[in-house]
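Undergrad: Sharing a structure with you now.
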Amino acid sequence: MDQKEFARRRKQLMHMMGQDAIAILPTNPVRPRNRDVDYPFRPDSDFFYLTGFPEPEAVAVLVPGRPHGEYLLFCRDRDLEKETWNGRRAGLEGAVERFGADDAFPIGDIDDILPGLLESHERVFYTMGATPDFDQRVIGWVNRIRSQSRAGKQTPDEFVSLEHFVHDMRLYKSRAEVKVMRQAANIAARAHKRAMQACRPGMMEYELEAEYLHEFRRAGGEPAYPSIVGGGENACVLHYTENNAELNGGDLVLIDAGVEHQCYASDITRCFPVNGRFSKAQRAIYELVLDAQLAAIEEVYPGNNWNAPHDAAVKVITRGLVKLGLLKGRTPSLVKEQAFRKFYMHRTGHWLGMDVHDVGEYKVGDEWRVLEPGMVLTVEPGIYIAARSKGVARKWWNIGVRIEDDVLVTRAGYDVLSKNVPKTVEEIEALMAS
């Protein structure tokens, strides 16, 4: 993503902060996986959103109106020996030249420099509680200033949660962000189609997962979250991630898998028959979920509220379950009683962006948030019928179906970013037979 995009975001945030303010934003630390191996590093989303800086051990500082530069970056200095072992660093010059910092300082000097910046500002924008270790450092800097009050040093009057402002910014995607998210959806789409064509009875779930990993990595991406590959009864476990069972002919397999591309996530779920052909019962449930998803997507448009897609999906699913004999009663009463939760126990979507369950409030006060252009959400109704469910005929057992797409709110309505993944019965069966 062009550095101008990150500069625009910083300018917007500093405008909201006003004068006499300073923002402090650390990135994630490197985390150990086991004795001498670390997890692959991934920057903090808020930090990366404002800087585009991909390295650990870094802190961004924004100081609106500062004559000597408003954007300061504390980061690792160049170290030839360490870079030989662990990879190249941008260093202080790279932080300025490649990542747009007005000035850069060694991360080891932050304790000497930052208190002096803090003491001259009334408001500190910092998200307390997100990184407890760093919280203690911030508190230590403030206490150091307080201890020098007799020398005329003044502590900031106010601490403001930075995430409140940044998360509201992140909710509205720019053209550049939408472009990257569309690319992420297309990478995941190729992976879902590859898996449909590769699936055969007798495969292991992890073998099918490998088809996704292949497609993600060849595009330079990583899984946005642990992939769910659940065949048969495992499809009825909402967050199933063991992925170690055999795929049996006659079962459906549910795959919830998305790629992270340039720190933006896609999140797509598809279900298909292991042997390539839906049974009559599987098709009935699948097409009911698909009808619910299509009805929910139609409710995605500017001015409608966040909950409208969920309400639409619930009505279609409840009505369909009555028609199939899985629920008994009148649809309005069953919806009011939430009788559908026996088979559909989650919400119909969530915000999507840099995080797979992205930031942003779902309510403003007591009211559901109004959808606006630039917001991106998932639409993912489902039905899950576990074996031996009380009062449920055996033909429905172990059918778990979820259909999920990534949907952008546009000025005219909606745009399904993940539309390149087949989802009708006919499309899926044709692709699996090819």
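Scheme for the structure tokens: letters A, B, ... for chains in order shown; per-chain residue numbers from 1; ligand numbers from 1 in order shown.
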Show me, as a ChimeraX atom specification, the residues that have an atom within 9 Å of stretch 105-117 of chain A when counting only C-alpha atoms, minus same-chain residues fewer than 3 positions from it.
TA: /A:22,57-59,61,63,72-77,91-92,120-121,137-138,141-142,144-145
Undergrad: Could you give me the residues within stretch 98-223 of chain A that DSSP places in strand (DSSP E), as a list of chain:residue names?
TA: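 After running DSSP on the backbone, stretch 98-223 of chain A has strand (DSSP E) at A:Asp103, A:Ala104, A:Phe105, A:Pro106, A:Arg123, A:Val124, A:Phe125, A:Glu158, A:Phe159, A:Val160, A:Glu222, A:Pro223.
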Undergrad: From the options A:Ala296, A:Leu238, A:Ala21, A:Leu327, which residue's atoms come nearest to A:Gly65, counting only C-alpha atoms?
TA: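 Ranking A:Ala296, A:Leu238, A:Ala21, A:Leu327 by distance to A:Gly65, first place goes to A:Ala21.
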Undergrad: Taking a cut-off of 12 Å and counting only C-alpha atoms, can you build a table that, for each residue of stretch 272-358 of chain A near stretch 380-396 of chain A, reports the nearest atom pair and how far apart they are in Å (one decimal), sorted by chain then residue number, as a Markdown table?
TA:
```
| residue | atom | partner | partner_atom | distance |
| --- | --- | --- | --- | --- |
| A:Ser279 | CA | A:Lys395 | CA | 9.9 |
| A:Lys280 | CA | A:Lys395 | CA | 9.4 |
| A:Ala281 | CA | A:Trp396 | CA | 6.4 |
| A:Gln282 | CA | A:Trp396 | CA | 7.6 |
| A:Arg283 | CA | A:Trp396 | CA | 10.8 |
| A:Ala284 | CA | A:Trp396 | CA | 9.7 |
| A:Ile285 | CA | A:Ile383 | CA | 7.3 |
| A:Tyr286 | CA | A:Ile383 | CA | 8.4 |
| A:Glu287 | CA | A:Gly382 | CA | 10.7 |
| A:Leu288 | CA | A:Ile383 | CA | 8.8 |
| A:Val289 | CA | A:Gly382 | CA | 5.8 |
| A:Leu290 | CA | A:Pro381 | CA | 8.2 |
| A:Asp291 | CA | A:Pro381 | CA | 9.7 |
| A:Ala292 | CA | A:Pro381 | CA | 6.8 |
| A:Gln293 | CA | A:Pro381 | CA | 5.9 |
| A:Leu294 | CA | A:Pro381 | CA | 9.7 |
| A:Ala295 | CA | A:Pro381 | CA | 10.3 |
| A:Ala296 | CA | A:Pro381 | CA | 8.5 |
| A:Ile297 | CA | A:Glu380 | CA | 9.5 |
| A:Pro309 | CA | A:Pro381 | CA | 9.6 |
| A:His310 | CA | A:Pro381 | CA | 8.0 |
| A:Asp311 | CA | A:Pro381 | CA | 10.7 |
| A:Ala312 | CA | A:Pro381 | CA | 10.1 |
| A:Ala313 | CA | A:Pro381 | CA | 6.6 |
| A:Val314 | CA | A:Pro381 | CA | 8.3 |
| A:Lys315 | CA | A:Pro381 | CA | 11.3 |
| A:Val316 | CA | A:Pro381 | CA | 10.2 |
| A:Ile317 | CA | A:Ile383 | CA | 8.2 |
| A:Thr318 | CA | A:Ile383 | CA | 10.4 |
| A:Gly320 | CA | A:Ile383 | CA | 10.9 |
| A:Leu321 | CA | A:Ile383 | CA | 9.5 |
| A:Leu324 | CA | A:Trp396 | CA | 10.2 |
| A:Gly325 | CA | A:Val392 | CA | 8.8 |
| A:Leu326 | CA | A:Val392 | CA | 6.6 |
| A:Leu327 | CA | A:Val392 | CA | 9.4 |
| A:Lys328 | CA | A:Gly391 | CA | 11.0 |
| A:Phe340 | CA | A:Ile383 | CA | 9.0 |
| A:Arg341 | CA | A:Ile383 | CA | 9.2 |
| A:Lys342 | CA | A:Tyr384 | CA | 8.4 |
| A:Phe343 | CA | A:Tyr384 | CA | 5.1 |
| A:Tyr344 | CA | A:Ile383 | CA | 5.1 |
| A:Met345 | CA | A:Ile383 | CA | 8.3 |
| A:His346 | CA | A:Pro381 | CA | 7.9 |
| A:Arg347 | CA | A:Pro381 | CA | 7.4 |
| A:Thr348 | CA | A:Glu380 | CA | 5.0 |
| A:Gly349 | CA | A:Glu380 | CA | 5.6 |
| A:His350 | CA | A:Glu380 | CA | 8.9 |
| A:Trp351 | CA | A:Glu380 | CA | 11.7 |
```
Undergrad: Considering only alpha helix (DSSP H) as DSSP defines it on the backbone, what residues of stretch 149-330 of chain A qualify? List them as a PyMOL selection string.
TA: chain A and resi 162-171+175-198+205-218+280-297+308-323
Undergrad: Calculate how many Å separate atom CA of A:Pro302 from atom CA of A:Leu371, rounding to one decimal.
TA: 5.0 Å
Undergrad: Between A:Glu367, A:Asp267, A:Glu81, A:Glu337, single out the one closest to A:Val421, counting only C-alpha atoms.
TA: A:Asp267
Undergrad: Residues at most 9 Å from A:Gly202, counting only C-alpha atoms, excluding those fewer than 2 positions away in the same chain, as a PyMOL selection string?
TA: chain A and resi 200+204+246-249
Undergrad: Any chance you can output those residues with N, CA and C atoms as a PDB file, in the first residue's frame?
TA:
```
ATOM      1  N   ARG A 200     -11.814 -35.599  -2.186  1.00  0.00           N
ATOM      2  CA  ARG A 200     -12.183 -36.975  -2.498  1.00  0.00           C
ATOM      3  C   ARG A 200     -12.459 -37.716  -1.195  1.00  0.00           C
ATOM      4  N   MET A 204      -7.839 -36.850   4.346  1.00  0.00           N
ATOM      5  CA  MET A 204      -7.891 -36.313   5.698  1.00  0.00           C
ATOM      6  C   MET A 204      -8.226 -34.828   5.626  1.00  0.00           C
ATOM      7  N   GLU A 246     -10.891 -38.213   8.967  1.00  0.00           N
ATOM      8  CA  GLU A 246     -11.050 -38.643   7.572  1.00  0.00           C
ATOM      9  C   GLU A 246     -12.349 -38.094   7.006  1.00  0.00           C
ATOM     10  N   LEU A 247     -12.318 -37.740   5.729  1.00  0.00           N
ATOM     11  CA  LEU A 247     -13.501 -37.246   5.030  1.00  0.00           C
ATOM     12  C   LEU A 247     -14.198 -38.430   4.370  1.00  0.00           C
ATOM     13  N   ASN A 248     -15.458 -38.633   4.739  1.00  0.00           N
ATOM     14  CA  ASN A 248     -16.201 -39.793   4.270  1.00  0.00           C
ATOM     15  C   ASN A 248     -17.170 -39.425   3.162  1.00  0.00           C
ATOM     16  N   GLY A 249     -17.264 -40.287   2.154  1.00  0.00           N
ATOM     17  CA  GLY A 249     -18.253 -40.111   1.108  1.00  0.00           C
ATOM     18  C   GLY A 249     -19.647 -40.107   1.718  1.00  0.00           C
TER      19      GLY A 249
END
```
Undergrad: So that I can see what lies close to A:Ser434, please list as a PyMOL selection string the residues with an atom at most 10 Å from it, counting only C-alpha atoms and leaving out residues fewer than 4 positions away in the same chain.
TA: chain A and resi 196-197+429-430
Undergrad: Create the file for the chosen residues now, containing N, CA and C atoms and written as a JSON list (two decimals), in the first residue's frame.
TA:
```json
[["chain", "number", "residue", "atom", "x", "y", "z"],
["A", 196, "MET", "N", -12.42, -27.59, -3.64],
["A", 196, "MET", "CA", -13.59, -28.30, -4.18],
["A", 196, "MET", "C", -13.17, -29.32, -5.23],
["A", 197, "GLN", "N", -12.22, -28.92, -6.07],
["A", 197, "GLN", "CA", -11.77, -29.82, -7.13],
["A", 197, "GLN", "C", -10.89, -30.95, -6.61],
["A", 429, "GLU", "N", -21.46, -28.57, -7.73],
["A", 429, "GLU", "CA", -21.41, -29.93, -8.30],
["A", 429, "GLU", "C", -20.70, -29.93, -9.65],
["A", 430, "ALA", "N", -20.92, -28.88, -10.45],
["A", 430, "ALA", "CA", -20.25, -28.81, -11.75],
["A", 430, "ALA", "C", -18.75, -28.66, -11.59]]
```
Undergrad: Tell me, as a list in words, which residues lie within 10 Å of A:His164, counting only C-alpha atoms; anything in the same chain fewer than 5 positions away does not count.
TA: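 Listing them by chain and then by number gives Phe125, Tyr126, Thr127, Met169, Val359, Gly360 and Glu361 of chain A.
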Undergrad: Can you measure atom CA of A:Thr241 to atom CA of A:Glu260 for me? One decimal in Å is fine.
TA: 17.7 Å
Undergrad: Could you list, as a list in words, every residue within 10 Å of stretch 14-16 of chain A, counting only C-alpha atoms and ignoring same-chain residues fewer than 2 positions away?
TA: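 Non-adjacent residues within range: Arg9, Arg10, Lys11, Gln12, Gly18, Gln19, Ala21, Ile22, Ala23, Leu62, Val63, Pro64, Gly65, Glu70, Tyr71 and Phe165 of chain A.
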Undergrad: Keeping only C-alpha atoms, write those residues as an mmCIF file, in the first residue's frame.
TA:
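That gives us part-v1.cif:
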```
data_model
loop_
_atom_site.group_PDB
_atom_site.id
_atom_site.type_symbol
_atom_site.label_atom_id
_atom_site.label_comp_id
_atom_site.auth_asym_id
_atom_site.auth_seq_id
_atom_site.Cartn_x
_atom_site.Cartn_y
_atom_site.Cartn_z
ATOM 1 C CA ARG A 9 -4.504 8.453 8.109
ATOM 2 C CA ARG A 10 -2.002 10.087 10.453
ATOM 3 C CA LYS A 11 -3.073 13.535 9.296
ATOM 4 C CA GLN A 12 -6.734 12.673 9.884
ATOM 5 C CA GLY A 18 -6.118 18.757 18.214
ATOM 6 C CA GLN A 19 -3.233 20.814 19.572
ATOM 7 C CA ALA A 21 -1.917 16.464 22.392
ATOM 8 C CA ILE A 22 0.432 13.546 21.885
ATOM 9 C CA ALA A 23 -0.337 9.981 20.767
ATOM 10 C CA LEU A 62 2.300 11.625 16.880
ATOM 11 C CA VAL A 63 2.677 15.249 17.990
ATOM 12 C CA PRO A 64 0.346 17.609 16.087
ATOM 13 C CA GLY A 65 1.991 20.919 15.264
ATOM 14 C CA GLU A 70 4.847 15.521 13.833
ATOM 15 C CA TYR A 71 5.471 11.799 13.242
ATOM 16 C CA PHE A 165 -10.547 7.236 17.444
#
```
Undergrad: Using only C-alpha atoms, pick whichever of A:Ala235, A:Met181, A:Cys271, A:Ile187 has the shortest atom-to-atom distance to A:Leu377.
TA: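 That would be A:Met181, the residue with the smallest distance to A:Leu377.
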Undergrad: Between atom CA of A:Leu408 and atom CA of A:Asn304, measure the distance and give it in Å to one decimal.
TA: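 Spanning atom CA of A:Leu408 to atom CA of A:Asn304 is a straight-line distance of 13.5 Å.
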Undergrad: For A:Ala184, which residue among A:Glu83, A:Glu242, A:Glu215, A:Asp38 is the nearest when counting only C-alpha atoms?
TA: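 Closest to A:Ala184 of all the choices is A:Glu215.
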Undergrad: Can you tell me which residues surround stretch 254-256 of chain A at a distance of at most 8 Å, considering only C-alpha atoms, apart from same-chain residues fewer than 6 positions away, and format the answer as a count of residues only?
TA: 15
